[in-house]
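**Q** Quick one: structure below, then a few questions.
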Amino acid sequence: MLRAIRDRVVETAEPSWRALDFDFTGLVFDNADFAGLSFEGAVVFDNAEFRGLLTSFARTTFRGRLSCLDTRFTAKTTVFTNVVFERAAVHFVGAEFDGEVLDFGDGELSGRPVGFYACRFRVQRINFGDFSIAAGTLRFERCDFADLELDLSGRSYEWSGGGGGWSRVALSDVRMVRCRLDLSWSGDRHRVITIQNAVLDTVAIAVDTSEDAGPQRLITEKLELRGGTTLPPHRVRT
């Protein structure tokens, strides 16, 4: 089934199924390969499970809707590298991420928020390094992070924030325990990261202090800092 879909959802397929809706609710995928596909309709993975050594959405484009409600990502490595969310409605709700690596590196978000709501992360590393945001928000709300690195660093990408606004990452009502949060930034554009109503317990926060460090604001509100966690004072606004 997946092979037939792949053949009709690549950009060059004729006839094309790219505009169709796909409902994969409750299915179990072993070593799923959705890499390089292009979806213009709704794609639903509610209550599905992705397991095995590798789940790949590398270079996949979503232009419609992506729904991951109570989805379980248990493969050793899950990659969304170079993914494109082009004005797509993207919702990870109650999803669980296990394994070693969750990689969104070099992805692109434009036009609408990408949201992670009430998700549980038990991977070793979450990579959003060099993730490009244009007039949108990468949002984590009521999520639980433990014993991992969350990489939001950037060196070559842009947060363009069209319409006069600044694009941002927003963490709200999150809990981070024994984590490393990498906010290193050396681009030439402003960017804003907000953290509010959060518990940061034994969290090491890394920022770029070199002469090449880009303009960045870390806006905080109602934080509970535990276990020696400190904020970089030269970046913080409350």
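Identifiers for the structure tokens are assigned positionally: chains receive A, B, ... in sequence, residues are indexed from 1 per chain, and ligands are indexed from 1 in the order shown.
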List every residue of region 123-198 of chain A that DSSP, applied to the backbone, labels as strand (DSSP E or B), and write the result as number ranges by chain.

**A** A: 125-127, 132-134, 137-141, 144-146, 149-151, 154, 159, 168-172, 175-182, 185, 191-198

**Q** Which residues come within 7 Å of Cys119 (chain A), counting only C-alpha atoms, excluding same-chain residues fewer than 5 positions away, as an MDAnalysis selection string?

**A** chainID A and resid 93:96 143:144

**Q** Between A:Phe145, A:Phe121, A:Phe85, A:Phe140, which one has atoms that come closest to Thr194 (chain A), using only C-alpha atoms?

**A**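 Selected residue with least distance to Thr194 (chain A): A:Phe140.
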
**Q** Between A:Ala146, A:Leu152, A:Ala118, A:Val174, which one has atoms that come closest to Asp106 (chain A), using only C-alpha atoms?

**A**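 Counting only C-alpha atoms, the residue closest to Asp106 (chain A) is A:Leu152.
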
**Q** Quick check, in Å to one decimal: how far apart do CA of Ser110 (chain A) and CA of Val84 (chain A) lie?

**A**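 A separation of 8.2 Å between them.
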
**Q** Quick one: of A:Leu109, A:Val177, A:Val169, A:Arg139, who's nearest to Leu218 (chain A), counting only C-alpha atoms?

**A**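 That would be A:Val169, the residue with the smallest distance to Leu218 (chain A).
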
**Q** I want to know what sits within 7 Å of Thr71 (chain A), based on only C-alpha atoms, with residues of the same chain fewer than 5 positions away left out; could you give that as a list in words?

**A** Phe45, Asp46, Asn47, Ala48, Glu49, Ala95 and Glu96 of chain A

**Q** Would you kindly return, as a PyMOL selection string, each protein, DNA or RNA residue with an atom no farther than 9 Å from any atom of Asp173 (chain A), considering only C-alpha atoms and excluding same-chain residues fewer than 6 positions away?

**A** chain A and resi 140-143+195-199

**Q** Those selected residues, please, written with all heavy atoms and delivered as a tab-separated table (two decimals), in the first residue's frame.

**A**
```tsv
chain	number	residue	atom	x	y	z
A	140	PHE	N	5.55	24.71	21.59
A	140	PHE	CA	5.49	23.57	22.48
A	140	PHE	C	4.63	23.97	23.69
A	140	PHE	O	4.98	24.91	24.40
A	140	PHE	CB	6.88	23.16	22.97
A	140	PHE	CG	7.83	22.76	21.87
A	140	PHE	CD1	8.64	23.70	21.26
A	140	PHE	CD2	7.91	21.44	21.45
A	140	PHE	CE1	9.52	23.34	20.26
A	140	PHE	CE2	8.79	21.07	20.44
A	140	PHE	CZ	9.59	22.02	19.85
A	141	GLU	N	3.54	23.25	23.92
A	141	GLU	CA	2.64	23.60	25.02
A	141	GLU	C	2.28	22.35	25.82
A	141	GLU	O	1.92	21.32	25.25
A	141	GLU	CB	1.37	24.26	24.47
A	141	GLU	CG	0.44	24.77	25.55
A	141	GLU	CD	-0.73	25.57	24.98
A	141	GLU	OE1	-0.75	25.80	23.75
A	141	GLU	OE2	-1.61	25.96	25.76
A	142	ARG	N	2.45	22.45	27.14
A	142	ARG	CA	2.16	21.35	28.07
A	142	ARG	C	2.93	20.08	27.70
A	142	ARG	O	2.41	18.98	27.79
A	142	ARG	CB	0.65	21.08	28.12
A	142	ARG	CG	-0.18	22.20	28.72
A	142	ARG	CD	-1.63	21.80	28.87
A	142	ARG	NE	-1.77	20.67	29.77
A	142	ARG	CZ	-2.92	20.03	30.00
A	142	ARG	NH1	-4.02	20.40	29.35
A	142	ARG	NH2	-2.96	19.02	30.84
A	143	CYS	N	4.17	20.27	27.29
A	143	CYS	CA	5.02	19.14	26.90
A	143	CYS	C	5.97	18.78	28.03
A	143	CYS	O	6.32	19.62	28.88
A	143	CYS	CB	5.80	19.47	25.64
A	143	CYS	SG	4.77	19.61	24.15
A	195	ILE	N	9.46	31.66	26.90
A	195	ILE	CA	9.26	30.55	27.82
A	195	ILE	C	8.39	31.07	28.96
A	195	ILE	O	8.77	32.02	29.66
A	195	ILE	CB	10.58	30.01	28.38
A	195	ILE	CG1	11.56	29.66	27.26
A	195	ILE	CG2	10.32	28.77	29.24
A	195	ILE	CD1	12.93	29.20	27.76
A	196	GLN	N	7.23	30.47	29.16
A	196	GLN	CA	6.34	30.96	30.21
A	196	GLN	C	5.65	29.80	30.91
A	196	GLN	O	5.42	28.74	30.33
A	196	GLN	CB	5.31	31.92	29.62
A	196	GLN	CG	4.43	31.32	28.54
A	196	GLN	CD	3.47	32.33	27.95
A	196	GLN	OE1	3.47	33.50	28.34
A	196	GLN	NE2	2.63	31.89	27.02
A	197	ASN	N	5.34	30.04	32.21
A	197	ASN	CA	4.63	29.05	33.03
A	197	ASN	C	5.32	27.69	32.95
A	197	ASN	O	4.67	26.66	32.72
A	197	ASN	CB	3.16	28.92	32.60
A	197	ASN	CG	2.41	30.23	32.70
A	197	ASN	OD1	2.55	30.96	33.68
A	197	ASN	ND2	1.63	30.55	31.69
A	198	ALA	N	6.64	27.69	33.14
A	198	ALA	CA	7.42	26.47	32.93
A	198	ALA	C	8.25	26.13	34.16
A	198	ALA	O	8.60	27.00	34.95
A	198	ALA	CB	8.32	26.63	31.71
A	199	VAL	N	8.56	24.84	34.28
A	199	VAL	CA	9.49	24.35	35.29
A	199	VAL	C	10.75	23.89	34.59
A	199	VAL	O	10.70	23.03	33.71
A	199	VAL	CB	8.90	23.20	36.11
A	199	VAL	CG1	9.94	22.62	37.07
A	199	VAL	CG2	7.66	23.65	36.88
```

**Q** Name all residues at most 10 Å from Val203 (chain A) (count only C-alpha atoms; drop same-chain ones fewer than 5 positions away) and give them as a PyMOL selection string.

**A** chain A and resi 146-149+176-181+225-231

**Q** Choose the residue, out of A:Asp151, A:Asp98, A:Asp30, A:Glu108, that has the smallest atom-to-atom separation from Phe62 (chain A); count only C-alpha atoms.

**A**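 Closest residue, counting only C-alpha atoms: A:Glu108.
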
**Q** Please identify the helix (DSSP H, G or I) residues within chain A (assignment by DSSP from backbone atoms) and present them as number ranges by chain.

**A** A: 2-9

**Q** Choose the residue, out of A:Pro113, A:Pro232, A:Gly41, A:Gly99, that has the smallest atom-to-atom separation from Phe73 (chain A); count only C-alpha atoms.

**A**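 The closest residue to Phe73 (chain A) is A:Gly99.
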